[in-house]
file work35.csv (CSV, C-alpha atoms and all ligand atoms)
chain,number,residue,atom,x,y,z
A,17,MET,CA,75.9,-77.0,77.4
A,18,LEU,CA,79.1,-78.6,78.4
A,19,ILE,CA,82.2,-77.0,76.8
A,20,THR,CA,85.5,-78.8,77.0
A,21,GLY,CA,88.7,-76.8,76.6
A,22,GLY,CA,86.7,-73.7,77.6
A,23,ALA,CA,89.7,-72.1,79.4
A,24,GLY,CA,91.8,-72.2,76.2
A,25,PHE,CA,92.0,-69.7,73.3
A,26,ILE,CA,89.0,-70.6,71.1
A,27,GLY,CA,87.0,-72.3,73.8
A,28,SER,CA,87.1,-69.2,76.2
A,29,ASN,CA,86.0,-66.9,73.3
A,30,PHE,CA,83.2,-69.4,72.6
A,31,VAL,CA,82.1,-69.4,76.3
A,32,HIS,CA,82.0,-65.5,76.3
A,33,ASP,CA,80.0,-65.5,73.1
A,34,THR,CA,77.6,-68.2,74.3
A,35,VAL,CA,76.8,-66.4,77.5
A,36,ARG,CA,76.2,-63.2,75.6
A,37,ARG,CA,74.0,-64.9,72.9
A,38,TYR,CA,72.1,-67.2,75.2
A,39,PRO,CA,71.9,-65.9,78.7
A,40,ASP,CA,69.4,-68.6,79.7
A,41,VAL,CA,71.7,-71.5,78.7
A,42,GLU,CA,73.5,-73.1,81.7
A,43,VAL,CA,77.1,-73.4,80.7
A,44,THR,CA,79.6,-75.8,82.3
A,45,VAL,CA,83.3,-75.7,81.3
A,46,LEU,CA,85.5,-78.8,81.7
A,47,ASP,CA,89.2,-78.0,81.4
A,48,ALA,CA,92.4,-79.6,82.7
A,49,LEU,CA,94.1,-76.2,82.8
A,50,THR,CA,97.2,-77.4,81.0
A,51,TYR,CA,100.0,-74.8,80.2
A,52,ALA,CA,97.5,-73.6,77.5
A,53,GLY,CA,94.5,-73.0,79.7
A,54,SER,CA,93.8,-70.4,82.3
A,55,GLN,CA,90.7,-70.0,84.5
A,56,SER,CA,91.3,-66.2,84.2
A,57,ASN,CA,90.2,-66.5,80.6
A,58,LEU,CA,86.7,-66.9,82.0
A,59,ASP,CA,86.9,-63.7,84.1
A,60,PRO,CA,84.6,-61.8,81.7
A,61,VAL,CA,81.8,-64.4,82.5
A,62,ALA,CA,82.6,-65.0,86.2
A,63,GLY,CA,79.6,-66.1,88.1
A,64,GLN,CA,77.7,-67.0,84.9
A,65,VAL,CA,79.3,-70.4,84.1
A,66,THR,CA,80.3,-73.4,86.2
A,67,PHE,CA,83.9,-74.4,86.0
A,68,VAL,CA,85.1,-78.0,86.5
A,69,HIS,CA,88.8,-78.6,86.7
A,70,GLY,CA,89.3,-82.0,85.2
A,71,ASP,CA,90.5,-84.2,82.4
A,72,ILE,CA,88.5,-85.3,79.4
A,73,CYS,CA,90.2,-88.7,79.8
A,74,ASP,CA,88.6,-89.1,83.2
A,75,ALA,CA,85.7,-91.5,82.2
A,76,GLU,CA,83.9,-91.2,85.6
A,77,LEU,CA,83.9,-87.4,85.6
A,78,VAL,CA,83.0,-87.2,81.9
A,79,ASP,CA,80.1,-89.7,82.4
A,80,LYS,CA,78.7,-87.6,85.2
A,81,LEU,CA,79.0,-84.3,83.3
A,82,VAL,CA,77.7,-85.6,80.1
A,83,ALA,CA,74.7,-87.2,81.8
A,84,GLU,CA,73.8,-83.7,83.1
A,85,THR,CA,74.1,-81.9,79.8
A,86,ASP,CA,72.1,-81.5,76.5
A,87,VAL,CA,74.9,-80.4,74.2
A,88,LEU,CA,78.6,-81.1,74.3
A,89,VAL,CA,80.9,-78.8,72.4
A,90,HIS,CA,84.4,-80.3,72.3
A,91,PHE,CA,87.3,-77.9,72.0
A,92,ALA,CA,89.8,-79.5,74.5
A,93,ALA,CA,93.0,-80.7,72.8
A,94,GLU,CA,96.7,-80.3,72.7
A,95,SER,CA,96.9,-77.8,69.9
A,96,HIS,CA,100.4,-76.8,69.0
A,97,VAL,CA,102.3,-78.5,66.1
A,98,ASP,CA,105.8,-77.7,67.5
A,99,ASN,CA,105.0,-79.2,70.9
A,100,SER,CA,103.7,-82.4,69.2
A,101,LEU,CA,107.0,-82.7,67.3
A,102,ASN,CA,108.9,-82.5,70.6
A,103,ASP,CA,106.6,-84.9,72.6
A,104,PRO,CA,103.6,-86.5,70.9
A,105,SER,CA,102.4,-88.4,74.0
A,106,PRO,CA,100.0,-85.8,75.4
A,107,PHE,CA,98.5,-85.4,71.9
A,108,ILE,CA,97.6,-89.1,71.7
A,109,LYS,CA,96.1,-89.0,75.2
A,110,SER,CA,94.1,-85.8,75.1
A,111,ASN,CA,93.1,-85.7,71.5
A,112,ILE,CA,92.4,-89.4,70.8
A,113,ILE,CA,91.7,-91.0,74.2
A,114,GLY,CA,90.0,-87.9,75.4
A,115,THR,CA,87.7,-87.8,72.4
A,116,PHE,CA,87.0,-91.5,72.7
A,117,THR,CA,86.1,-91.0,76.4
A,118,LEU,CA,83.6,-88.2,75.5
A,119,LEU,CA,82.1,-90.2,72.7
A,120,GLU,CA,81.4,-93.2,74.9
A,121,ALA,CA,79.6,-90.9,77.4
A,122,VAL,CA,77.6,-89.2,74.6
A,123,ARG,CA,76.6,-92.6,73.2
A,124,LYS,CA,75.6,-93.9,76.6
A,125,HIS,CA,73.4,-90.9,77.5
A,126,ASP,CA,72.2,-90.2,73.9
A,127,LYS,CA,73.4,-86.5,73.8
A,128,ARG,CA,74.2,-84.1,71.0
A,129,MET,CA,77.9,-83.4,70.4
A,130,HIS,CA,79.9,-81.0,68.2
A,131,HIS,CA,83.5,-81.8,67.6
A,132,ILE,CA,86.0,-79.0,66.8
A,133,SER,CA,88.8,-79.9,64.4
A,134,THR,CA,91.3,-78.4,62.0
A,135,ASP,CA,92.1,-78.2,58.3
A,136,GLU,CA,95.5,-79.7,59.2
A,137,VAL,CA,93.9,-83.2,59.0
A,138,PHE,CA,94.0,-83.0,55.2
A,139,GLY,CA,97.8,-82.5,55.0
A,140,ASP,CA,98.9,-79.6,52.8
A,141,LEU,CA,98.4,-78.1,49.3
A,142,PRO,CA,101.1,-77.0,46.9
A,143,LEU,CA,102.1,-73.3,47.2
A,144,ASP,CA,101.5,-72.5,43.6
A,145,SER,CA,97.9,-73.8,43.2
A,146,VAL,CA,94.3,-72.7,43.6
A,147,GLU,CA,93.4,-76.1,44.9
A,148,GLN,CA,91.3,-76.2,48.1
A,149,PHE,CA,90.3,-78.8,50.8
A,150,THR,CA,86.6,-79.8,50.7
A,151,GLU,CA,84.5,-82.0,53.0
A,152,GLN,CA,85.4,-84.9,50.6
A,153,THR,CA,89.2,-84.5,50.7
A,154,ALA,CA,91.0,-87.6,52.0
A,155,TYR,CA,92.8,-87.3,55.3
A,156,ASP,CA,96.6,-87.1,55.0
A,157,PRO,CA,98.0,-85.5,58.3
A,158,SER,CA,101.7,-84.5,58.5
A,159,SER,CA,102.4,-83.9,62.2
A,160,PRO,CA,101.7,-85.8,65.4
A,161,TYR,CA,99.2,-83.0,66.2
A,162,SER,CA,97.3,-83.3,62.9
A,163,ALA,CA,97.5,-87.1,63.0
A,164,SER,CA,95.9,-87.1,66.5
A,165,LYS,CA,93.2,-84.7,65.4
A,166,ALA,CA,92.6,-86.9,62.3
A,167,GLY,CA,92.2,-89.8,64.7
A,168,SER,CA,89.7,-88.0,66.8
A,169,ASP,CA,87.7,-87.0,63.7
A,170,MET,CA,87.6,-90.6,62.5
A,171,LEU,CA,86.3,-91.7,65.9
A,172,VAL,CA,83.5,-89.1,65.8
A,173,ARG,CA,82.6,-90.1,62.2
A,174,ALA,CA,82.5,-93.8,63.2
A,175,TRP,CA,80.5,-93.3,66.3
A,176,ALA,CA,78.0,-91.2,64.3
A,177,ARG,CA,77.7,-93.8,61.6
A,178,SER,CA,77.8,-97.1,63.6
A,179,TYR,CA,76.1,-96.0,66.8
A,180,GLY,CA,74.0,-93.2,65.5
A,181,VAL,CA,75.6,-90.7,67.9
A,182,ALA,CA,74.1,-87.2,67.2
A,183,ALA,CA,77.4,-85.6,66.2
A,184,THR,CA,78.6,-82.9,63.9
A,185,LEU,CA,82.2,-82.0,63.0
A,186,SER,CA,83.9,-78.8,61.8
A,187,ASN,CA,87.4,-78.3,60.4
A,188,CYS,CA,88.5,-74.7,60.7
A,189,ALA,CA,91.5,-72.9,59.3
A,190,ASN,CA,94.0,-70.9,61.4
A,191,ASN,CA,92.4,-68.7,64.0
A,192,TYR,CA,93.6,-65.4,65.5
A,193,GLY,CA,92.2,-63.0,68.1
A,194,PRO,CA,92.3,-62.3,71.8
A,195,TYR,CA,93.4,-64.9,74.4
A,196,GLN,CA,95.6,-66.9,72.0
A,197,HIS,CA,98.7,-68.5,73.6
A,198,VAL,CA,102.0,-66.7,72.9
A,199,GLU,CA,103.4,-69.9,71.4
A,200,LYS,CA,101.4,-69.3,68.2
A,201,LEU,CA,102.6,-67.3,65.2
A,202,ILE,CA,100.6,-64.0,65.6
A,203,PRO,CA,100.7,-63.5,69.4
A,204,ARG,CA,104.4,-64.7,69.5
A,205,GLN,CA,105.4,-61.9,67.1
A,206,ILE,CA,103.2,-59.2,68.6
A,207,THR,CA,104.6,-59.9,72.0
A,208,ASN,CA,108.2,-60.2,70.6
A,209,VAL,CA,107.8,-56.6,69.3
A,210,LEU,CA,106.4,-55.5,72.6
A,211,ILE,CA,109.4,-56.8,74.5
A,212,GLY,CA,111.9,-55.5,72.0
A,213,GLU,CA,112.7,-58.9,70.4
A,214,LYS,CA,112.7,-59.4,66.6
A,215,PRO,CA,109.9,-61.6,65.2
A,216,LYS,CA,111.0,-65.1,64.2
A,217,LEU,CA,110.1,-66.4,60.7
A,218,TYR,CA,110.4,-70.2,60.1
A,219,GLY,CA,112.5,-70.9,57.0
A,220,ALA,CA,111.8,-68.7,54.0
A,221,GLY,CA,108.3,-67.9,55.3
A,222,GLU,CA,106.5,-68.8,52.1
A,223,ASN,CA,104.1,-71.2,53.9
A,224,VAL,CA,100.5,-70.0,53.5
A,225,ARG,CA,97.7,-70.1,56.1
A,226,GLU,CA,94.0,-69.0,55.8
A,227,TRP,CA,93.5,-66.7,58.7
A,228,THR,CA,90.0,-66.7,60.3
A,229,HIS,CA,89.0,-64.5,63.3
A,230,VAL,CA,88.1,-66.6,66.4
A,231,ASP,CA,84.7,-64.9,66.6
A,232,ASP,CA,83.9,-65.9,63.0
A,233,HIS,CA,84.9,-69.5,63.8
A,234,ASN,CA,82.7,-69.5,66.9
A,235,ASP,CA,79.7,-68.0,65.0
A,236,ALA,CA,80.1,-70.9,62.5
A,237,VAL,CA,80.1,-73.4,65.5
A,238,HIS,CA,76.9,-71.9,66.9
A,239,ARG,CA,75.2,-72.2,63.5
A,240,ILE,CA,76.2,-75.9,63.2
A,241,ILE,CA,74.9,-76.7,66.6
A,242,THR,CA,71.6,-75.0,65.9
A,243,ASP,CA,71.0,-75.9,62.2
A,244,GLY,CA,73.7,-78.3,61.1
A,245,ARG,CA,72.8,-81.8,59.8
A,246,LEU,CA,73.7,-84.7,62.1
A,247,GLY,CA,76.7,-86.8,61.0
A,248,GLU,CA,77.9,-84.0,58.7
A,249,THR,CA,81.3,-82.2,58.5
A,250,TYR,CA,81.6,-78.5,57.7
A,251,LEU,CA,84.8,-76.7,56.6
A,252,ILE,CA,85.2,-73.2,58.0
A,253,GLY,CA,87.6,-70.5,56.6
A,254,SER,CA,87.6,-66.8,55.8
A,255,GLY,CA,89.1,-67.2,52.4
A,256,ASP,CA,91.9,-64.8,53.4
A,257,GLU,CA,95.2,-66.5,52.6
A,258,ARG,CA,98.6,-65.0,53.4
A,259,ASN,CA,102.1,-66.3,53.8
A,260,ASN,CA,104.0,-66.1,57.1
A,261,LYS,CA,106.4,-63.5,55.8
A,262,GLN,CA,103.5,-61.2,54.8
A,263,ILE,CA,101.9,-61.7,58.3
A,264,ILE,CA,105.1,-60.8,60.1
A,265,GLU,CA,105.7,-57.7,57.9
A,266,LYS,CA,102.1,-56.6,58.5
A,267,ILE,CA,102.5,-57.0,62.3
A,268,LEU,CA,105.7,-54.9,62.2
A,269,THR,CA,104.1,-52.2,60.0
A,270,LEU,CA,101.0,-52.0,62.2
A,271,MET,CA,103.3,-51.7,65.3
A,272,GLY,CA,105.3,-48.9,63.8
A,273,GLU,CA,108.5,-50.9,63.1
A,274,PRO,CA,110.3,-51.4,59.8
A,275,ALA,CA,108.7,-54.2,57.8
A,276,ASP,CA,112.0,-56.1,57.6
A,277,ALA,CA,112.9,-56.0,61.3
A,278,TYR,CA,112.5,-59.8,61.7
A,279,VAL,CA,114.9,-62.8,61.7
A,280,HIS,CA,114.8,-66.1,59.9
A,281,VAL,CA,115.0,-69.1,62.2
A,282,ASN,CA,115.2,-72.9,61.7
A,283,ASP,CA,112.2,-74.3,59.8
A,284,ARG,CA,109.7,-76.6,61.3
A,285,PRO,CA,110.3,-80.3,60.3
A,286,GLY,CA,107.6,-81.5,57.9
A,287,HIS,CA,106.3,-78.0,57.6
A,288,ASP,CA,102.9,-77.9,55.8
A,289,LEU,CA,103.1,-75.6,52.8
A,290,ARG,CA,99.6,-74.3,52.4
A,291,TYR,CA,96.1,-74.8,53.8
A,292,SER,CA,92.9,-73.5,52.1
A,293,ASN,CA,89.3,-74.5,52.9
A,294,ASP,CA,86.5,-74.4,50.4
A,295,SER,CA,83.8,-73.3,52.8
A,296,THR,CA,80.9,-73.2,50.3
A,297,LYS,CA,78.9,-75.8,52.2
A,298,ILE,CA,78.6,-73.8,55.5
A,299,ARG,CA,78.1,-70.6,53.6
A,300,THR,CA,75.3,-71.9,51.4
A,301,GLU,CA,73.6,-74.4,53.9
A,302,LEU,CA,73.9,-72.3,57.1
A,303,GLY,CA,74.3,-68.8,55.8
A,304,TRP,CA,77.7,-68.3,57.5
A,305,GLN,CA,80.1,-65.6,56.4
A,306,PRO,CA,83.0,-64.0,58.1
A,307,ARG,CA,82.3,-60.7,59.8
A,308,TYR,CA,86.0,-59.9,60.0
A,309,ALA,CA,86.3,-59.5,56.3
A,310,ASP,CA,89.1,-57.0,56.8
A,311,PHE,CA,92.1,-58.9,58.1
A,312,ASP,CA,94.2,-55.8,58.7
A,313,ALA,CA,91.5,-54.4,61.0
A,314,GLY,CA,91.1,-57.7,62.9
A,315,LEU,CA,94.9,-57.9,63.3
A,316,ALA,CA,95.1,-54.3,64.5
A,317,ALA,CA,92.4,-55.0,67.1
A,318,THR,CA,94.3,-58.2,68.2
A,319,ILE,CA,97.6,-56.1,68.6
A,320,ASP,CA,95.6,-53.6,70.7
A,321,TRP,CA,94.4,-56.5,72.9
A,322,TYR,CA,97.9,-57.8,73.5
A,323,LYS,CA,99.1,-54.2,74.2
A,324,ALA,CA,96.3,-53.8,76.8
A,325,ASN,CA,96.7,-57.2,78.4
A,326,THR,CA,100.4,-57.5,79.2
A,327,ALA,CA,99.6,-59.1,82.6
A,328,TRP,CA,97.8,-61.9,80.7
A,329,TRP,CA,100.6,-62.9,78.4
A,330,GLU,CA,103.7,-62.0,80.3
A,331,PRO,CA,103.7,-65.0,82.5
A,332,GLN,CA,103.5,-67.4,79.5
A,333,LYS,CA,106.3,-65.7,77.5
A,334,GLY,CA,109.4,-66.9,79.2
A,335,ALA,CA,108.5,-70.6,79.1
A,336,ALA,CA,107.3,-70.4,75.5
A,337,GLU,CA,110.5,-68.8,74.3
A,338,ALA,CA,112.7,-71.2,76.3
A,339,LYS,CA,111.1,-74.1,74.4
A,340,TYR,CA,111.8,-72.4,71.1
A,341,LYS,CA,115.4,-71.5,72.0
A,342,VAL,CA,116.4,-75.2,72.4
A,343,LEU,CA,115.1,-75.8,68.8
A,344,GLY,CA,116.8,-72.7,67.3
A,345,ARG,CA,113.5,-71.2,66.6
A,401,LIG,P1,94.4,-74.1,73.2
A,401,LIG,O1,95.7,-74.9,73.3
A,401,LIG,O2,94.5,-72.6,73.3
A,401,LIG,O3,93.4,-74.6,74.3
A,401,LIG,C1,93.1,-75.9,74.6
A,401,LIG,C2,92.4,-76.1,75.9
A,401,LIG,O4,92.1,-77.4,76.2
A,401,LIG,C3,93.2,-75.6,77.1
A,401,LIG,O5,92.4,-74.8,78.0
A,401,LIG,C4,93.6,-76.8,77.8
A,401,LIG,O6,93.8,-76.7,79.2
A,401,LIG,C5,92.5,-77.8,77.5
A,401,LIG,N1,92.9,-79.2,77.5
A,401,LIG,C6,93.9,-79.8,76.9
A,401,LIG,N2,94.0,-81.1,77.2
A,401,LIG,C7,92.9,-81.3,78.0
A,401,LIG,C8,92.4,-82.5,78.6
A,401,LIG,N3,93.0,-83.7,78.5
A,401,LIG,N4,91.3,-82.4,79.4
A,401,LIG,C9,90.6,-81.2,79.5
A,401,LIG,N5,91.1,-80.1,79.0
A,401,LIG,C10,92.2,-80.1,78.2
A,401,LIG,O7,93.7,-74.5,71.9
A,401,LIG,P2,92.9,-73.7,70.8
A,401,LIG,O8,93.8,-73.1,69.9
A,401,LIG,O9,91.9,-72.9,71.6
A,401,LIG,O10,92.2,-74.9,70.0
A,401,LIG,C11,90.9,-75.4,70.5
A,401,LIG,C12,90.4,-76.5,69.5
A,401,LIG,O11,90.3,-75.9,68.2
A,401,LIG,C13,91.4,-77.7,69.4
A,401,LIG,O12,90.6,-78.8,69.3
A,401,LIG,C14,92.1,-77.4,68.1
A,401,LIG,O13,92.5,-78.6,67.5
A,401,LIG,C15,91.0,-76.7,67.3
A,401,LIG,N6,91.5,-75.8,66.2
A,401,LIG,C16,92.4,-74.8,66.5
A,401,LIG,C17,92.7,-73.8,65.5
A,401,LIG,C18,93.7,-72.7,65.8
A,401,LIG,O14,94.1,-72.0,64.9
A,401,LIG,N7,94.1,-72.4,67.1
A,401,LIG,C19,92.2,-74.0,64.3
A,401,LIG,C20,91.3,-75.0,64.0
A,401,LIG,C21,91.0,-75.9,65.0
A,402,LIG,O1,107.4,-68.2,65.5
A,402,LIG,C1,106.8,-68.7,64.5
A,402,LIG,N1,107.3,-68.4,63.3
A,402,LIG,C2,106.7,-69.0,62.2
A,402,LIG,O2,107.1,-68.7,61.0
A,402,LIG,C3,105.7,-69.6,64.7
A,402,LIG,C4,105.2,-70.0,66.1
A,402,LIG,C5,105.1,-70.1,63.6
A,402,LIG,N2,105.6,-69.8,62.3
A,402,LIG,C6,104.9,-70.4,61.2
A,402,LIG,C7,104.6,-71.9,61.2
A,402,LIG,C8,103.3,-71.9,60.4
A,402,LIG,O3,103.5,-72.0,59.0
A,402,LIG,O4,103.6,-69.7,61.1
A,402,LIG,C9,102.6,-70.6,60.7
A,402,LIG,C10,101.5,-70.7,61.8
A,402,LIG,O5,102.1,-71.3,62.9
A,402,LIG,P1,101.3,-71.7,64.2
A,402,LIG,O6,100.7,-70.5,64.8
A,402,LIG,O7,102.1,-72.6,65.0
A,402,LIG,O8,100.0,-72.5,63.5
A,402,LIG,P2,99.8,-73.8,62.6
A,402,LIG,O9,101.0,-74.7,62.8
A,402,LIG,O10,99.5,-73.3,61.3
A,402,LIG,O11,98.6,-74.5,63.4
A,402,LIG,C11,97.5,-73.6,63.8
A,402,LIG,O12,96.4,-73.7,62.9
A,402,LIG,C12,95.7,-74.9,62.9
A,402,LIG,C13,97.0,-74.0,65.2
A,402,LIG,O13,98.1,-74.0,66.1
A,402,LIG,C14,96.4,-75.4,65.2
A,402,LIG,O14,95.9,-75.7,66.5
A,402,LIG,C15,95.2,-75.4,64.2
A,402,LIG,O15,94.7,-76.7,64.1
call {"tool": "encode", "arguments": {"input": "work35.csv", "output": "structure tokens"}}
result
Amino acid sequence: MLITGGAGFIGSNFVHDTVRRYPDVEVTVLDALTYAGSQSNLDPVAGQVTFVHGDICDAELVDKLVAETDVLVHFAAESHVDNSLNDPSPFIKSNIIGTFTLLEAVRKHDKRMHHISTDEVFGDLPLDSVEQFTEQTAYDPSSPYSASKAGSDMLVRAWARSYGVAATLSNCANNYGPYQHVEKLIPRQITNVLIGEKPKLYGAGENVREWTHVDDHNDAVHRIITDGRLGETYLIGSGDERNNKQIIEKILTLMGEPADAYVHVNDRPGHDLRYSNDSTKIRTELGWQPRYADFDAGLAATIDWYKANTAWWEPQKGAAEAKYKVLGR
């Protein structure tokens, strides 16, 4: 199995899970080690996986690695909306050209591929509705990040249909859990509290996300690889929707601080209001259901992980906050 982006947040958790589940599978990780990736994320499986430091846009390297593999699981991407608003260029390269490069190798060598994507490709939903995204929802991305992920999904769908590439896709809702970069909402606020800074809420904080534990996302990915129908798309989401204000208040309460000990900061331009996935298809077809049904327990465990792993997040914190400072966020 070749896992791209395996040194990032979701990818490294996937590598850990894969090695635990399938000790006989030979795992190779291809990762460019951008600011978001760290080889130390693979320390728990040291000696059990092969690590290749390289770029998914490097056609020669990709061709060689894909030729040697049976299944490609593609997590590598630029993943942060705020960064994409500052500088879209790496998003176009890694997310679109990178996926194209992988698809061409998969087509040439006739391999199986699973492409990881996001609910953000569908745009957003009104706050005061019960509407949900489904596998049939038309794409309508808002940010350079989601547009680049939409582009990558379109390439995978086209390669599956026109070239018969053996690919599946999944679009998951917001993830949380260990090893998530401190630029993202939940780890940013946990680590803010740990360093004595107030959590930062964008705008009024009414925007809603559907929070899914990273292990539940990865369990869904394993099920799709094993039993998913080729050419199909599967939406993944826990069903647990909360607005950002509620998330920050919950973090503060769980960390023993007053629930209102946060500040409002500048809103994100084009800020998507609400995401919500109808995950009936993966639940009924593949028997998936989230094991982290209790969000508060999953969040408390995540807080404990950041408390216990200061040496992991401290080196990221200064640079991440410096980027936000310029934006008044
Ligand atoms: P991340 O930013 O934590 O990790 C991305 C990894 O990809 C890093 O290790 C980075 O070094 C690597 N990478 C980036 N560009 C590369 C390139 N050109 N070549 C090789 N490696 C490269 O991201 P994440 O949050 O773990 O997201 C992983 C995937 O899941 C992405 O495709 C993202 O769109 C998708 N996704 C994320 C979420 C979420 O909530 N984080 C939700 C749904 C889908
Ligand atoms: O400090 C903050 N304060 C705040 O209010 C940050 C960093 C974020 N927010 C808000 C913006 C969003 O409404 O919290 C929400 C979540 O923000 P992010 O963690 O940046 O996630 P989001 O933009 O929703 O995208 C995430 O989920 C979908 C991932 O980063 C994507 O990779 C994934 O595709």
call {"tool": "residues_near_ligand", "arguments": {"input": "work35.csv", "ligand": "ligand LIG 401 (chain A)", "cutoff": "6 Å", "atoms": "all atoms listed in the file", "output": "PyMOL selection string"}}
result
chain A and resi 21-27+47-50+52-53+70-73+91-95+110+132-134+188-191+196-197
call {"tool": "closest_atom_pairs", "arguments": {"input": "work35.csv", "of": "chain A", "to": "ligand LIG 402 (chain A)", "cutoff": "7 Å", "atoms": "only C-alpha atoms and all ligand atoms", "output": "Markdown table"}}
result
| residue | atom | partner | partner_atom | distance |
| --- | --- | --- | --- | --- |
| A:Ser95 | CA | A:LIG402 | O14 | 4.1 |
| A:His96 | CA | A:LIG402 | O13 | 4.6 |
| A:Val97 | CA | A:LIG402 | O9 | 5.2 |
| A:Asp98 | CA | A:LIG402 | O7 | 6.8 |
| A:Ser133 | CA | A:LIG402 | O15 | 6.7 |
| A:Thr134 | CA | A:LIG402 | O15 | 4.3 |
| A:Asp135 | CA | A:LIG402 | O15 | 6.5 |
| A:Glu136 | CA | A:LIG402 | O15 | 5.8 |
| A:Ala189 | CA | A:LIG402 | C12 | 5.9 |
| A:Asn190 | CA | A:LIG402 | O12 | 4.0 |
| A:Asn191 | CA | A:LIG402 | O12 | 6.5 |
| A:Glu199 | CA | A:LIG402 | C4 | 5.6 |
| A:Lys200 | CA | A:LIG402 | O6 | 3.7 |
| A:Leu201 | CA | A:LIG402 | O6 | 3.7 |
| A:Ile202 | CA | A:LIG402 | O6 | 6.5 |
| A:Arg204 | CA | A:LIG402 | O1 | 6.1 |
| A:Gln205 | CA | A:LIG402 | O1 | 6.8 |
| A:Lys216 | CA | A:LIG402 | O1 | 4.9 |
| A:Leu217 | CA | A:LIG402 | O2 | 3.8 |
| A:Tyr218 | CA | A:LIG402 | O2 | 3.7 |
| A:Gly221 | CA | A:LIG402 | O2 | 5.9 |
| A:Asn223 | CA | A:LIG402 | O3 | 5.2 |
| A:Val224 | CA | A:LIG402 | O3 | 6.6 |
| A:Arg225 | CA | A:LIG402 | O10 | 6.4 |
| A:Asn260 | CA | A:LIG402 | O4 | 5.4 |
| A:Arg284 | CA | A:LIG402 | C7 | 6.9 |
| A:His287 | CA | A:LIG402 | O3 | 6.8 |
| A:Asp288 | CA | A:LIG402 | O3 | 6.7 |
| A:Arg345 | CA | A:LIG402 | O1 | 6.9 |
call {"tool": "residues_around", "arguments": {"input": "work35.csv", "residues": "Glu120 (chain A)", "least_positions_apart": "2", "cutoff": "12 Å", "atoms": "only C-alpha atoms", "output": "PDB file with C-alpha atoms, keeping the file's coordinate frame"}}
result
ATOM      1  CA  ILE A  72      88.500 -85.300  79.400  1.00  0.00           C
ATOM      2  CA  CYS A  73      90.200 -88.700  79.800  1.00  0.00           C
ATOM      3  CA  ASP A  74      88.600 -89.100  83.200  1.00  0.00           C
ATOM      4  CA  ALA A  75      85.700 -91.500  82.200  1.00  0.00           C
ATOM      5  CA  GLU A  76      83.900 -91.200  85.600  1.00  0.00           C
ATOM      6  CA  VAL A  78      83.000 -87.200  81.900  1.00  0.00           C
ATOM      7  CA  ASP A  79      80.100 -89.700  82.400  1.00  0.00           C
ATOM      8  CA  VAL A  82      77.700 -85.600  80.100  1.00  0.00           C
ATOM      9  CA  ALA A  83      74.700 -87.200  81.800  1.00  0.00           C
ATOM     10  CA  ILE A 113      91.700 -91.000  74.200  1.00  0.00           C
ATOM     11  CA  GLY A 114      90.000 -87.900  75.400  1.00  0.00           C
ATOM     12  CA  THR A 115      87.700 -87.800  72.400  1.00  0.00           C
ATOM     13  CA  PHE A 116      87.000 -91.500  72.700  1.00  0.00           C
ATOM     14  CA  THR A 117      86.100 -91.000  76.400  1.00  0.00           C
ATOM     15  CA  LEU A 118      83.600 -88.200  75.500  1.00  0.00           C
ATOM     16  CA  VAL A 122      77.600 -89.200  74.600  1.00  0.00           C
ATOM     17  CA  ARG A 123      76.600 -92.600  73.200  1.00  0.00           C
ATOM     18  CA  LYS A 124      75.600 -93.900  76.600  1.00  0.00           C
ATOM     19  CA  HIS A 125      73.400 -90.900  77.500  1.00  0.00           C
ATOM     20  CA  ASP A 126      72.200 -90.200  73.900  1.00  0.00           C
ATOM     21  CA  LYS A 127      73.400 -86.500  73.800  1.00  0.00           C
ATOM     22  CA  MET A 129      77.900 -83.400  70.400  1.00  0.00           C
ATOM     23  CA  LEU A 171      86.300 -91.700  65.900  1.00  0.00           C
ATOM     24  CA  VAL A 172      83.500 -89.100  65.800  1.00  0.00           C
ATOM     25  CA  ALA A 174      82.500 -93.800  63.200  1.00  0.00           C
ATOM     26  CA  TRP A 175      80.500 -93.300  66.300  1.00  0.00           C
ATOM     27  CA  ALA A 176      78.000 -91.200  64.300  1.00  0.00           C
ATOM     28  CA  TYR A 179      76.100 -96.000  66.800  1.00  0.00           C
ATOM     29  CA  GLY A 180      74.000 -93.200  65.500  1.00  0.00           C
ATOM     30  CA  VAL A 181      75.600 -90.700  67.900  1.00  0.00           C
TER      31      VAL A 181
END
call {"tool": "atom_distance", "arguments": {"input": "work35.csv", "atom1": "CA of Asp103 (chain A)", "atom2": "CA of Arg258 (chain A)"}}
result
28.8 Å
call {"tool": "residues_around", "arguments": {"input": "work35.csv", "residues": "region 29-32 of chain A", "least_positions_apart": "2", "cutoff": "8 Å", "atoms": "all atoms listed in the file", "output": "PyMOL selection string"}}
result
chain A and resi 19+22+25-27+34-36+43+58+60-61+194-195+230-231+234
call {"tool": "closest_residue", "arguments": {"input": "work35.csv", "among": "A:Val237, A:Ala338, A:His69, A:Trp227", "to": "Ser54 (chain A)", "atoms": "all atoms listed in the file"}}
result
A:His69
call {"tool": "atom_distance", "arguments": {"input": "work35.csv", "atom1": "CA of Ala166 (chain A)", "atom2": "CA of Glu337 (chain A)"}}
result
28.1 Å
call {"tool": "closest_residue", "arguments": {"input": "work35.csv", "among": "A:Asp310, A:Pro39, A:Glu226, A:Tyr291", "to": "Pro157 (chain A)", "atoms": "all atoms listed in the file"}}
result
A:Tyr291
